[in-house]
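J.: Quick one: the structure is below, and I'll ask about it shortly.
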Amino acid sequence: MTRTWIILGATSAMARAFARGCAEQGDTLLLAGRDMDELKALATDLSARGAAAADAIRFDVRDAGTFAPIIRKVELEPGEINVAVFVGSMPLQAQIDADPTLIDTVAIDNFSGPAHFLATLVPVMEARACGTVVGVTSVAGDRGRIGNYTYGAAKSAFATYLSGLRNRLTRAGGHVVTVKPGFVDTAMTWGVEGMFLVASPDKVARDILKAVARKRNVIYTPGFWWLIMTIIKLIPEQIFKKLSI
């Protein structure tokens with residue numbers, strides 16, 4: 001069966017690495033994002049790496065009007081339709097505190113926008129009784145921490161949405177993989193204080209591709225973040241609220 005991947009936020013470092021892995025498998029790629037020149041250059045590179053086909057299409061998570069053309073395009077593709085969601089934004093909590101209107105954009109970029117798109121795509125996947133959704137959330141969503149609780153709240157909401165979607169899509173023969181990265185060396189994290197155990201986008205992409213192949217439900221990447229976050233979640237609230245982590 002032929003396989004198509006829609007990659008939302010395709011120009012991000014993690015998405016690029018993931019797309020390279022898909023290209024090497026011979027998949028068809030639909031690269032979705034805002035910078036069409038950069039997407040077209042990426043499509044050329046991925047075609048040279050072995051993709052069955054690679055096309056660029058405009059996508060803006062804050063503009064639902066860009067969703068329908070993507071749906072119409074993939075409906076014409078044969079075989080299995082898959083999607084990987086790499087979109088998101090992470091303003092500093094101090095910036096959000098100074099300008100609370102940023103809460104709305106953080107919620108759209110990290111939760112409601114991707115959820116809206118998936119709600120329009122999933123019926124296509126259900127009709128074909130196959131396909132995988134990869135949703136990239138964050139370890140920040142596991143517990144509200146003083147440094148990024150608005151971002152964490154949006155990622156937590158998206159993870160909960162993906163859990164319910166997994167329940168729904170499994171009944172139709174599809175699957176959903178929830179990805180919870182720790183610190184990754186990307187543009188989003190450049191200059192952020194307190195970074196440690198920073199992973200490369202290539203490492204995260206390899207972990208995601210393995211999770212898709214093995215039909216994993218939830219993964220932490222790198223894997224040691226599962227232990228770190230398990231410990232953090234176990235800290236009693238009376239103690240946790242006094243910590244600066």
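The chains in the structure tokens are called A, B, ... from first to last as shown; in each chain the residues are counted from 1, and the ligands are counted from 1 in the order shown.
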Would you give me, as JSON lines, each residue of segment 28-103 of chain A having an atom within 10 Å of an atom of segment 162-185 of chain A, along with its shortest atom pair and that distance in Å to one decimal, using only C-alpha atoms and sorting by chain and residue number?
T.:
```
{"residue": "A:Glu80", "atom": "CA", "partner": "A:Gly174", "partner_atom": "CA", "distance": 9.7}
{"residue": "A:Ile81", "atom": "CA", "partner": "A:Gly174", "partner_atom": "CA", "distance": 9.8}
{"residue": "A:Asn82", "atom": "CA", "partner": "A:Gly174", "partner_atom": "CA", "distance": 9.3}
{"residue": "A:Val83", "atom": "CA", "partner": "A:Val176", "partner_atom": "CA", "distance": 9.6}
{"residue": "A:Ala84", "atom": "CA", "partner": "A:Val177", "partner_atom": "CA", "distance": 9.3}
{"residue": "A:Val85", "atom": "CA", "partner": "A:Val179", "partner_atom": "CA", "distance": 9.9}
```
J.: Which residues of segment 66-111 of chain A sit at most 9 Å from segment 22-41 of chain A, using only C-alpha atoms? Give each one's shortest atom pair and distance in Å (one decimal place), in chain and ascending residue order, as a tab-separated table.
T.:
```
residue	atom	partner	partner_atom	distance
A:Ile70	CA	A:Ala32	CA	8.3
A:Val74	CA	A:Leu30	CA	8.3
A:Val87	CA	A:Gly33	CA	8.9
```
J.: Could you save those same residues with N, CA, C and O atoms as a PDB file, in the first residue's frame?
T.:
```pdb
ATOM      1  N   ILE A  70      -5.619  21.315   1.879  1.00  0.00           N
ATOM      2  CA  ILE A  70      -4.794  20.147   2.210  1.00  0.00           C
ATOM      3  C   ILE A  70      -5.646  18.885   2.210  1.00  0.00           C
ATOM      4  O   ILE A  70      -5.250  17.848   1.664  1.00  0.00           O
ATOM      5  N   VAL A  74      -5.103  15.553  -0.286  1.00  0.00           N
ATOM      6  CA  VAL A  74      -4.788  14.186   0.143  1.00  0.00           C
ATOM      7  C   VAL A  74      -5.916  13.215  -0.188  1.00  0.00           C
ATOM      8  O   VAL A  74      -5.666  12.010  -0.325  1.00  0.00           O
ATOM      9  N   VAL A  87       3.738  21.626  14.659  1.00  0.00           N
ATOM     10  CA  VAL A  87       3.545  23.061  14.883  1.00  0.00           C
ATOM     11  C   VAL A  87       3.501  23.385  16.374  1.00  0.00           C
ATOM     12  O   VAL A  87       3.165  22.532  17.196  1.00  0.00           O
TER      13      VAL A  87
END
```
J.: Enumerate, as JSON, numbers by chain, the complete set of residues in segment 121-245 of chain A that a backbone-based DSSP assignment places in strand (DSSP E).
T.: {"A": [132, 133, 134, 135, 136, 175, 176, 177, 178, 179, 180, 181, 218, 219, 220, 221]}
J.: Just write the chosen residues, N, CA and C atoms, as a CSV table (one decimal), in the first residue's frame.
T.:
```
chain,number,residue,atom,x,y,z
A,132,THR,N,-1.9,6.8,10.5
A,132,THR,CA,-1.4,7.2,11.8
A,132,THR,C,-1.3,8.7,11.9
A,133,VAL,N,-1.6,9.1,13.1
A,133,VAL,CA,-1.5,10.5,13.6
A,133,VAL,C,-0.3,10.5,14.5
A,134,VAL,N,0.7,11.4,14.2
A,134,VAL,CA,1.8,11.7,15.2
A,134,VAL,C,1.5,13.1,15.7
A,135,GLY,N,1.3,13.2,17.0
A,135,GLY,CA,1.1,14.5,17.6
A,135,GLY,C,2.3,14.8,18.6
A,136,VAL,N,3.0,15.8,18.3
A,136,VAL,CA,4.2,16.2,19.1
A,136,VAL,C,3.7,17.2,20.2
A,175,HIS,N,-4.2,4.7,14.0
A,175,HIS,CA,-3.5,4.7,15.3
A,175,HIS,C,-3.0,6.2,15.5
A,176,VAL,N,-2.8,6.5,16.8
A,176,VAL,CA,-2.3,7.8,17.2
A,176,VAL,C,-1.1,7.6,18.1
A,177,VAL,N,0.0,8.3,17.8
A,177,VAL,CA,1.2,8.3,18.6
A,177,VAL,C,1.4,9.6,19.2
A,178,THR,N,1.4,9.7,20.6
A,178,THR,CA,1.7,10.9,21.3
A,178,THR,C,3.2,11.0,21.6
A,179,VAL,N,3.8,12.1,21.2
A,179,VAL,CA,5.3,12.2,21.4
A,179,VAL,C,5.5,13.3,22.4
A,180,LYS,N,6.3,13.0,23.4
A,180,LYS,CA,6.6,14.0,24.5
A,180,LYS,C,8.1,14.2,24.5
A,181,PRO,N,8.6,15.2,23.7
A,181,PRO,CA,10.1,15.4,23.8
A,181,PRO,C,10.4,16.2,25.0
A,218,VAL,N,2.3,6.2,23.5
A,218,VAL,CA,2.9,7.4,24.1
A,218,VAL,C,4.4,7.2,24.2
A,219,ILE,N,5.2,8.1,23.7
A,219,ILE,CA,6.7,8.0,23.9
A,219,ILE,C,7.2,9.3,24.5
A,220,TYR,N,8.2,9.1,25.3
A,220,TYR,CA,9.1,10.2,25.8
A,220,TYR,C,10.4,10.1,25.0
A,221,THR,N,10.9,11.2,24.5
A,221,THR,CA,12.1,11.2,23.7
A,221,THR,C,13.0,12.4,24.1
```
J.: Smallest atom-to-atom distance to Ala64 of chain A: which of A:Leu209, A:Ala17, A:Ala115, A:Leu42, using only C-alpha atoms?
T.: A:Ala115
J.: Where in segment 75-131 of chain A does DSSP assign helix (DSSP H, G or I), given as a ChimeraX atom specification?
T.: /A:75,93-98,102-128
J.: Which residues come within 10 Å of Pro69 of chain A, counting only C-alpha atoms, excluding same-chain residues fewer than 5 positions away, as JSON, numbers by chain?
T.: {"A": [57, 58, 59, 74, 75]}
J.: For the selection you just gave me, I'd like the residues written to a file as a PDB file, in the first residue's frame, keeping N, CA and C atoms.
T.:
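out00.pdb was written with the following content:
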```pdb
ATOM      1  N   ILE A  57       2.699  22.848   0.331  1.00  0.00           N
ATOM      2  CA  ILE A  57       1.375  23.458   0.366  1.00  0.00           C
ATOM      3  C   ILE A  57       1.304  24.410   1.554  1.00  0.00           C
ATOM      4  N   ARG A  58       0.598  25.504   1.382  1.00  0.00           N
ATOM      5  CA  ARG A  58       0.527  26.506   2.443  1.00  0.00           C
ATOM      6  C   ARG A  58      -0.349  26.003   3.592  1.00  0.00           C
ATOM      7  N   PHE A  59       0.140  26.245   4.809  1.00  0.00           N
ATOM      8  CA  PHE A  59      -0.605  25.895   6.021  1.00  0.00           C
ATOM      9  C   PHE A  59      -0.254  26.900   7.092  1.00  0.00           C
ATOM     10  N   VAL A  74      -5.103  15.553  -0.286  1.00  0.00           N
ATOM     11  CA  VAL A  74      -4.788  14.186   0.143  1.00  0.00           C
ATOM     12  C   VAL A  74      -5.916  13.215  -0.188  1.00  0.00           C
ATOM     13  N   GLU A  75      -7.130  13.722  -0.330  1.00  0.00           N
ATOM     14  CA  GLU A  75      -8.223  12.834  -0.739  1.00  0.00           C
ATOM     15  C   GLU A  75      -7.980  12.241  -2.121  1.00  0.00           C
TER      16      GLU A  75
END
```
J.: Give me the residues within 12 Å of Gln95 of chain A as a CSV table (one decimal) with N, CA, C and O atoms, in the first residue's frame, counting only C-alpha atoms and dropping any in the same chain fewer than 5 places off.
T.:
```csv
chain,number,residue,atom,x,y,z
A,90,MET,N,6.3,28.8,21.7
A,90,MET,CA,6.7,28.8,23.2
A,90,MET,C,7.2,30.2,23.6
A,90,MET,O,8.5,30.3,23.8
A,100,PRO,N,-1.0,39.2,28.4
A,100,PRO,CA,-1.8,38.0,28.5
A,100,PRO,C,-2.5,37.6,27.2
A,100,PRO,O,-3.0,36.5,27.1
A,101,THR,N,-2.6,38.5,26.2
A,101,THR,CA,-3.2,38.2,24.9
A,101,THR,C,-2.4,37.0,24.3
A,101,THR,O,-3.0,36.3,23.4
A,102,LEU,N,-1.2,36.9,24.6
A,102,LEU,CA,-0.4,35.8,24.1
A,102,LEU,C,-0.9,34.4,24.5
A,102,LEU,O,-0.6,33.4,23.8
A,103,ILE,N,-1.7,34.3,25.5
A,103,ILE,CA,-2.3,33.1,25.9
A,103,ILE,C,-3.1,32.5,24.8
A,103,ILE,O,-3.1,31.3,24.5
A,106,VAL,N,-0.8,31.0,22.0
A,106,VAL,CA,-0.2,29.8,22.5
A,106,VAL,C,-1.2,28.6,22.5
A,106,VAL,O,-0.9,27.5,22.0
A,147,GLY,N,8.0,28.1,35.2
A,147,GLY,CA,8.7,28.7,34.1
A,147,GLY,C,8.0,28.7,32.8
A,147,GLY,O,8.3,29.5,31.9
A,148,ASN,N,7.0,27.8,32.6
A,148,ASN,CA,6.3,27.7,31.3
A,148,ASN,C,4.9,27.1,31.4
A,148,ASN,O,4.5,26.3,30.6
A,150,THR,N,1.9,28.2,30.9
A,150,THR,CA,0.9,28.5,29.9
A,150,THR,C,1.2,27.5,28.7
A,150,THR,O,0.3,26.9,28.2
A,151,TYR,N,2.4,27.5,28.3
A,151,TYR,CA,2.8,26.5,27.2
A,151,TYR,C,2.5,25.1,27.6
A,151,TYR,O,1.9,24.3,26.9
```
